[in-house]
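S.K.: One structure, as structure tokens, below. Some questions next.
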Amino acid sequence: MGQESHHRQVQRRRVFYIPGYDPIHPRRYRELYRKEGAAQAAISGYEITLSAKTTGGPYGWHVAGEMDGAAAQTDVEVLVWSDIVRDSMSNSIPGTYLQLARTAWTYIGTGVLWRLMRLRKGPVIAALYPVVFLLVQLGLALMAAYGLGRAITMVAPAWAGWAGLLIVPLLLEWFRRRDNKFFAYYLMHDYAYSARWQGAHPSELEARMAEFADRITQALGEGYDEVLVVGHSSGAHLAVSILADMIRDGRVPDNGPALGFLSLGQVVPMVSFLPKAHRLRTDLAYLCTRDELTWVDVTAPGDGCAFALCDPVSVTGVAPRSGKRWPLVLSAAFTQTLSPERWKALRWRFFRLHFQYLCAFDQPGDYDYFRITAGPMTLADRFEERAPSKSRIERPVNKFRGVRP
């Protein structure tokens with residue numbers, strides 16, 4: 001089907017967006033698409049109009065696009081797992097510090113952290129940041145407790161100095177309430193979620209992924225010209241397993257719409273390098289050989305939270321000796337596709353840059369999220385002649401390469 005989908009003008013498209021580890025309501029993604037789509041349309045000279053969703057599903061929107069002299073209608077659906085994310089984050093302060101110890105041991109004790117550093121230091125620093133920052137918070141709280149205890153002993157017996165410890169939970173709570181500025185707790189929960197099962201998927205996530213597969217399978221039979229799955233950040237490795245399951249189960253019809261997979265800002269090695277990530281490694285090895293879909297992986301070295309230009313199949317060490325087709329690894333090249341003024345404004349806003357793939361570029365190159373999701377060309381056609389990035393990383397550095405039998 002992959003070859004047959006080429007040179008097909010898209011009049012109707014279905015997009016399934018799989019967010020990363022994000023507890024926020026999916027309306028955020030509609031507003032982001034509306035705002036940034038309008039900005040990109042003004043820059044690039046095309047038209048995008050959003051309206052209420054016309055399909056089922058819990059959350060989505062409809063897009064009318066007019067580009068390159070052709071019109072396309074797109075139905076976007078957010079595949080929601082934010083409730084699972086929120087449940088995984090509902091920990092006490094002591095529980096978060098227990099997560100810290102367990103997660104650090106998982107990545108450091110297994111040697112995974114040092115392997116990841118051989119790929120990109122940015123996401124490893126991002127992983128270490130919550131560990132260091134939470135320990136700094138604890139250290140400051142203990143220092144304040146010590147100072148308060150010394151002050152108490154100046155007017156009370158020495159044993160009363162232990163009362164200074166009462167300030168520790170108060171200060172830690174003060175930090176936690178301001179985590180929307182620090183992101184230490186958020187990132188700790190993010191990395192702890194995968195580390196807790198050492199790369200395996202918990203049962204509730206597997207069940208949700210099966211529901212997502214059902215939704216995508218249904219769309220493949222509804223007369224669309226293209227069904228496009230977009231996985232951002234942690235959502236990318238969920239999409240890998242969902243699509244691999246669908247193809248293995250024979251749920252992708254030979255005469256159906258073009259099937260595209262766009263992975264953005266992926267952090268696959270953070271999971272696939274873990275000891276028990278057999279399921280994900282198996283799915284990576286399988287999906288990379290299939291002609292039922294087109295898989296394009298877009299990252300950027302300017303995104304310190306992603307494994308930029310790291311081929312997730314090859315670096316995991318599961319690329320077959322022959323027959324590997326995907327992914328096509330491309331760079332969004334932030335330093336070239338953003339003007340110097342825009343890059344200067346965003347350069348140190350790490351979390352904002354991690355979402356830049358979903359936003360407007362004021363010096364756009366051949367990657368344009370809105371042309372891909374709302375334009376008249378399939379993903380396969382758009383990148384048919386595109387060579388992979390010359391600076392991509394393909395060396396296998398993963399220690400754990402076991403797959404399912």
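Residues are named by chain letter and number: chains run A, B, ... in the order of the structure tokens, numbers start at 1 in each chain, and ligands are numbered from 1 in the order shown.
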Please provide the set of residues having any atom within 9 Å of segment 53-57 of chain A, restricted to only C-alpha atoms, with same-chain residues fewer than 3 positions apart removed, written as a PyMOL selection string.

M.R.: chain A and resi 50+60-63+75-79+215

S.K.: Could the residues in this selection be written to a file with N, CA, C and O atoms, as an mmCIF file, in the first residue's frame?

M.R.:
data_model
loop_
_atom_site.group_PDB
_atom_site.id
_atom_site.type_symbol
_atom_site.label_atom_id
_atom_site.label_comp_id
_atom_site.auth_asym_id
_atom_site.auth_seq_id
_atom_site.Cartn_x
_atom_site.Cartn_y
_atom_site.Cartn_z
ATOM 1 N N LEU A 50 -10.286 26.712 11.056
ATOM 2 C CA LEU A 50 -10.689 25.696 12.018
ATOM 3 C C LEU A 50 -12.168 25.822 12.341
ATOM 4 O O LEU A 50 -12.718 26.938 12.377
ATOM 5 N N GLY A 60 -11.412 16.865 19.382
ATOM 6 C CA GLY A 60 -10.807 17.104 18.085
ATOM 7 C C GLY A 60 -11.335 18.369 17.445
ATOM 8 O O GLY A 60 -12.068 19.146 18.068
ATOM 9 N N TRP A 61 -10.979 18.584 16.192
ATOM 10 C CA TRP A 61 -11.431 19.752 15.452
ATOM 11 C C TRP A 61 -11.314 19.462 13.954
ATOM 12 O O TRP A 61 -10.698 18.486 13.538
ATOM 13 N N HIS A 62 -11.960 20.316 13.166
ATOM 14 C CA HIS A 62 -11.958 20.179 11.711
ATOM 15 C C HIS A 62 -11.128 21.310 11.121
ATOM 16 O O HIS A 62 -11.183 22.449 11.597
ATOM 17 N N VAL A 63 -10.362 20.998 10.067
ATOM 18 C CA VAL A 63 -9.502 21.987 9.419
ATOM 19 C C VAL A 63 -9.799 22.012 7.928
ATOM 20 O O VAL A 63 -9.836 20.964 7.276
ATOM 21 N N ASP A 75 -9.845 16.099 9.494
ATOM 22 C CA ASP A 75 -10.426 15.891 10.815
ATOM 23 C C ASP A 75 -9.312 15.460 11.760
ATOM 24 O O ASP A 75 -8.660 14.428 11.535
ATOM 25 N N VAL A 76 -9.087 16.263 12.802
ATOM 26 C CA VAL A 76 -8.030 15.993 13.775
ATOM 27 C C VAL A 76 -8.655 15.452 15.051
ATOM 28 O O VAL A 76 -9.629 16.021 15.553
ATOM 29 N N GLU A 77 -8.079 14.388 15.573
ATOM 30 C CA GLU A 77 -8.530 13.832 16.847
ATOM 31 C C GLU A 77 -7.336 13.662 17.772
ATOM 32 O O GLU A 77 -6.310 13.096 17.363
ATOM 33 N N VAL A 78 -7.462 14.147 18.993
ATOM 34 C CA VAL A 78 -6.436 13.938 20.014
ATOM 35 C C VAL A 78 -6.741 12.628 20.726
ATOM 36 O O VAL A 78 -7.839 12.441 21.254
ATOM 37 N N LEU A 79 -5.780 11.725 20.713
ATOM 38 C CA LEU A 79 -5.933 10.459 21.426
ATOM 39 C C LEU A 79 -5.483 10.686 22.869
ATOM 40 O O LEU A 79 -4.294 10.811 23.149
ATOM 41 N N ARG A 215 -9.527 3.035 17.129
ATOM 42 C CA ARG A 215 -9.963 4.295 16.526
ATOM 43 C C ARG A 215 -9.294 4.498 15.160
ATOM 44 O O ARG A 215 -9.943 4.907 14.192
#

S.K.: Could you list, as a ChimeraX atom specification, every residue within 10 Å of Cys288 of chain A, counting only C-alpha atoms and ignoring same-chain residues fewer than 4 positions away?

M.R.: /A:240,244,283-284,293-295,312-314,318-320,323-328

S.K.: Write out as a ChimeraX atom specification each polymer residue whose atoms come within 10 Å of Thr337 of chain A, counting only C-alpha atoms; drop sequence neighbours fewer than 3 positions from it.

M.R.: /A:332-334,340,342-343,360-368

S.K.: Write out the residues from the selection above, keeping all heavy atoms, as a compact mmCIF listing (two decimals), in the first residue's frame.

M.R.:
# COMPACT_ATOMS: atom_id res chain seq x y z
N ALA A 332 14.44 19.52 11.68
CA ALA A 332 13.65 20.74 11.56
C ALA A 332 14.54 21.97 11.55
O ALA A 332 14.06 23.08 11.28
CB ALA A 332 12.64 20.84 12.70
N ALA A 333 15.83 21.78 11.89
CA ALA A 333 16.86 22.83 11.73
C ALA A 333 16.41 24.18 12.26
O ALA A 333 16.30 25.15 11.51
CB ALA A 333 17.27 22.94 10.25
N PHE A 334 16.16 24.24 13.55
CA PHE A 334 15.64 25.47 14.15
C PHE A 334 16.49 26.70 13.85
O PHE A 334 15.97 27.80 13.66
CB PHE A 334 15.52 25.32 15.67
CG PHE A 334 14.46 24.34 16.11
CD1 PHE A 334 14.43 23.89 17.43
CD2 PHE A 334 13.49 23.87 15.24
CE1 PHE A 334 13.45 23.00 17.85
CE2 PHE A 334 12.52 22.99 15.64
CZ PHE A 334 12.51 22.54 16.96
N PRO A 340 16.97 34.79 13.14
CA PRO A 340 17.87 35.04 14.27
C PRO A 340 17.16 35.67 15.47
O PRO A 340 17.45 35.33 16.62
CB PRO A 340 18.92 35.98 13.68
CG PRO A 340 18.94 35.64 12.22
CD PRO A 340 17.52 35.31 11.88
N ARG A 342 13.93 35.37 16.24
CA ARG A 342 13.04 34.39 16.84
C ARG A 342 13.82 33.33 17.60
O ARG A 342 13.44 32.90 18.68
CB ARG A 342 12.19 33.74 15.75
CG ARG A 342 11.07 32.84 16.27
CD ARG A 342 10.04 33.66 16.98
NE ARG A 342 8.92 32.82 17.40
CZ ARG A 342 8.25 33.02 18.52
NH1 ARG A 342 8.59 34.02 19.34
NH2 ARG A 342 7.24 32.24 18.84
N TRP A 343 14.93 32.89 17.02
CA TRP A 343 15.77 31.89 17.68
C TRP A 343 16.34 32.44 18.99
O TRP A 343 16.39 31.73 20.00
CB TRP A 343 16.89 31.46 16.74
CG TRP A 343 17.92 30.56 17.38
CD1 TRP A 343 19.23 30.81 17.58
CD2 TRP A 343 17.69 29.23 17.89
NE1 TRP A 343 19.85 29.75 18.18
CE2 TRP A 343 18.92 28.76 18.38
CE3 TRP A 343 16.57 28.41 17.99
CZ2 TRP A 343 19.07 27.50 18.96
CZ3 TRP A 343 16.70 27.15 18.56
CH2 TRP A 343 17.93 26.71 19.05
N ALA A 360 4.56 27.58 14.22
CA ALA A 360 4.94 28.26 12.99
C ALA A 360 6.44 28.54 12.95
O ALA A 360 7.07 28.78 13.98
CB ALA A 360 4.16 29.57 12.87
N PHE A 361 7.00 28.51 11.74
CA PHE A 361 8.39 28.89 11.49
C PHE A 361 8.39 30.14 10.64
O PHE A 361 7.68 30.20 9.63
CB PHE A 361 9.14 27.76 10.76
CG PHE A 361 9.33 26.52 11.58
CD1 PHE A 361 8.35 25.55 11.65
CD2 PHE A 361 10.52 26.32 12.28
CE1 PHE A 361 8.53 24.40 12.40
CE2 PHE A 361 10.72 25.17 13.03
CZ PHE A 361 9.72 24.21 13.10
N ASP A 362 9.17 31.13 11.03
CA ASP A 362 9.14 32.37 10.25
C ASP A 362 10.10 32.34 9.07
O ASP A 362 10.08 33.24 8.23
CB ASP A 362 9.39 33.60 11.14
CG ASP A 362 10.69 33.53 11.92
OD1 ASP A 362 11.36 32.49 11.87
OD2 ASP A 362 11.02 34.53 12.59
N GLN A 363 10.95 31.30 8.97
CA GLN A 363 11.77 31.05 7.78
C GLN A 363 11.61 29.57 7.42
O GLN A 363 12.57 28.80 7.47
CB GLN A 363 13.24 31.39 8.06
CG GLN A 363 13.49 32.87 8.29
CD GLN A 363 14.96 33.20 8.50
OE1 GLN A 363 15.36 34.36 8.55
NE2 GLN A 363 15.80 32.17 8.63
N PRO A 364 10.39 29.16 7.05
CA PRO A 364 10.11 27.72 6.90
C PRO A 364 10.94 27.04 5.83
O PRO A 364 11.23 27.62 4.78
CB PRO A 364 8.62 27.70 6.55
CG PRO A 364 8.33 29.04 5.96
CD PRO A 364 9.23 29.99 6.69
N GLY A 365 11.32 25.80 6.13
CA GLY A 365 11.99 24.95 5.16
C GLY A 365 11.00 23.95 4.61
O GLY A 365 9.83 24.27 4.40
N ASP A 366 11.45 22.70 4.38
CA ASP A 366 10.53 21.72 3.82
C ASP A 366 9.69 21.03 4.89
O ASP A 366 8.80 20.26 4.56
CB ASP A 366 11.27 20.69 2.96
CG ASP A 366 12.35 19.95 3.72
OD1 ASP A 366 12.55 20.24 4.91
OD2 ASP A 366 13.00 19.07 3.13
N TYR A 367 9.97 21.32 6.18
CA TYR A 367 9.09 20.81 7.22
C TYR A 367 8.11 21.92 7.61
O TYR A 367 8.52 23.00 8.04
CB TYR A 367 9.86 20.35 8.46
CG TYR A 367 8.91 20.03 9.60
CD1 TYR A 367 8.15 18.87 9.57
CD2 TYR A 367 8.71 20.92 10.66
CE1 TYR A 367 7.23 18.58 10.57
CE2 TYR A 367 7.81 20.64 11.67
CZ TYR A 367 7.07 19.47 11.62
OH TYR A 367 6.15 19.18 12.60
N ASP A 368 6.85 21.64 7.44
CA ASP A 368 5.78 22.58 7.80
C ASP A 368 4.63 21.73 8.34
O ASP A 368 3.97 21.01 7.58
CB ASP A 368 5.35 23.37 6.56
CG ASP A 368 4.22 24.37 6.84
OD1 ASP A 368 3.40 24.10 7.73
OD2 ASP A 368 4.17 25.40 6.14

S.K.: Using DSSP on the backbone, list every residue of segment 73-216 of chain A that comes out as alpha helix (DSSP H), and give them as a VMD selection string.

M.R.: chain A and resid 82 to 89 93 to 109 112 to 117 121 to 153 167 to 177 179 to 182 184 to 196 203 to 216

S.K.: Hey, what's within 6 Å of Leu228 of chain A if we count only C-alpha atoms and toss same-chain stuff fewer than 4 positions away? As a ChimeraX atom specification, please?

M.R.: /A:15,259-261

S.K.: Determine the nearest neighbour of Val268 of chain A from the options A:Gly122, A:Pro301, A:Gly256, A:Gly231, counting only C-alpha atoms.

M.R.: A:Gly231

S.K.: Report as number ranges by chain: the residues of segment 84-307 of chain A with a DSSP assignment of strand (DSSP E), based on the backbone of this structure.

M.R.: A: 226-232, 258-264, 294-299

S.K.: From the options A:Ile242, A:Val230, A:Ala141, A:Leu358, which residue's atoms come nearest to Phe175 of chain A, counting only C-alpha atoms?

M.R.: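 Result for the nearest residue to Phe175 of chain A: A:Ala141.
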
S.K.: If you count only C-alpha atoms, which residues fall within 10 Å of Leu116 of chain A, apart from same-chain ones fewer than 2 positions away, as a list in words?

M.R.: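 The filter keeps Tyr107, Gly111, Val112, Leu113, Trp114, Arg118, Leu119, Arg120, Lys121, Gly122, Pro123, Val124, Pro269, Met270, Phe273, Phe307, Val315, Val397 and Asn398 of chain A.
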
S.K.: Hey, which of A:Val227, A:Tyr185, A:Gly149, A:Arg208 ends up closest to Met377 of chain A? Count only C-alpha atoms.

M.R.: A:Val227
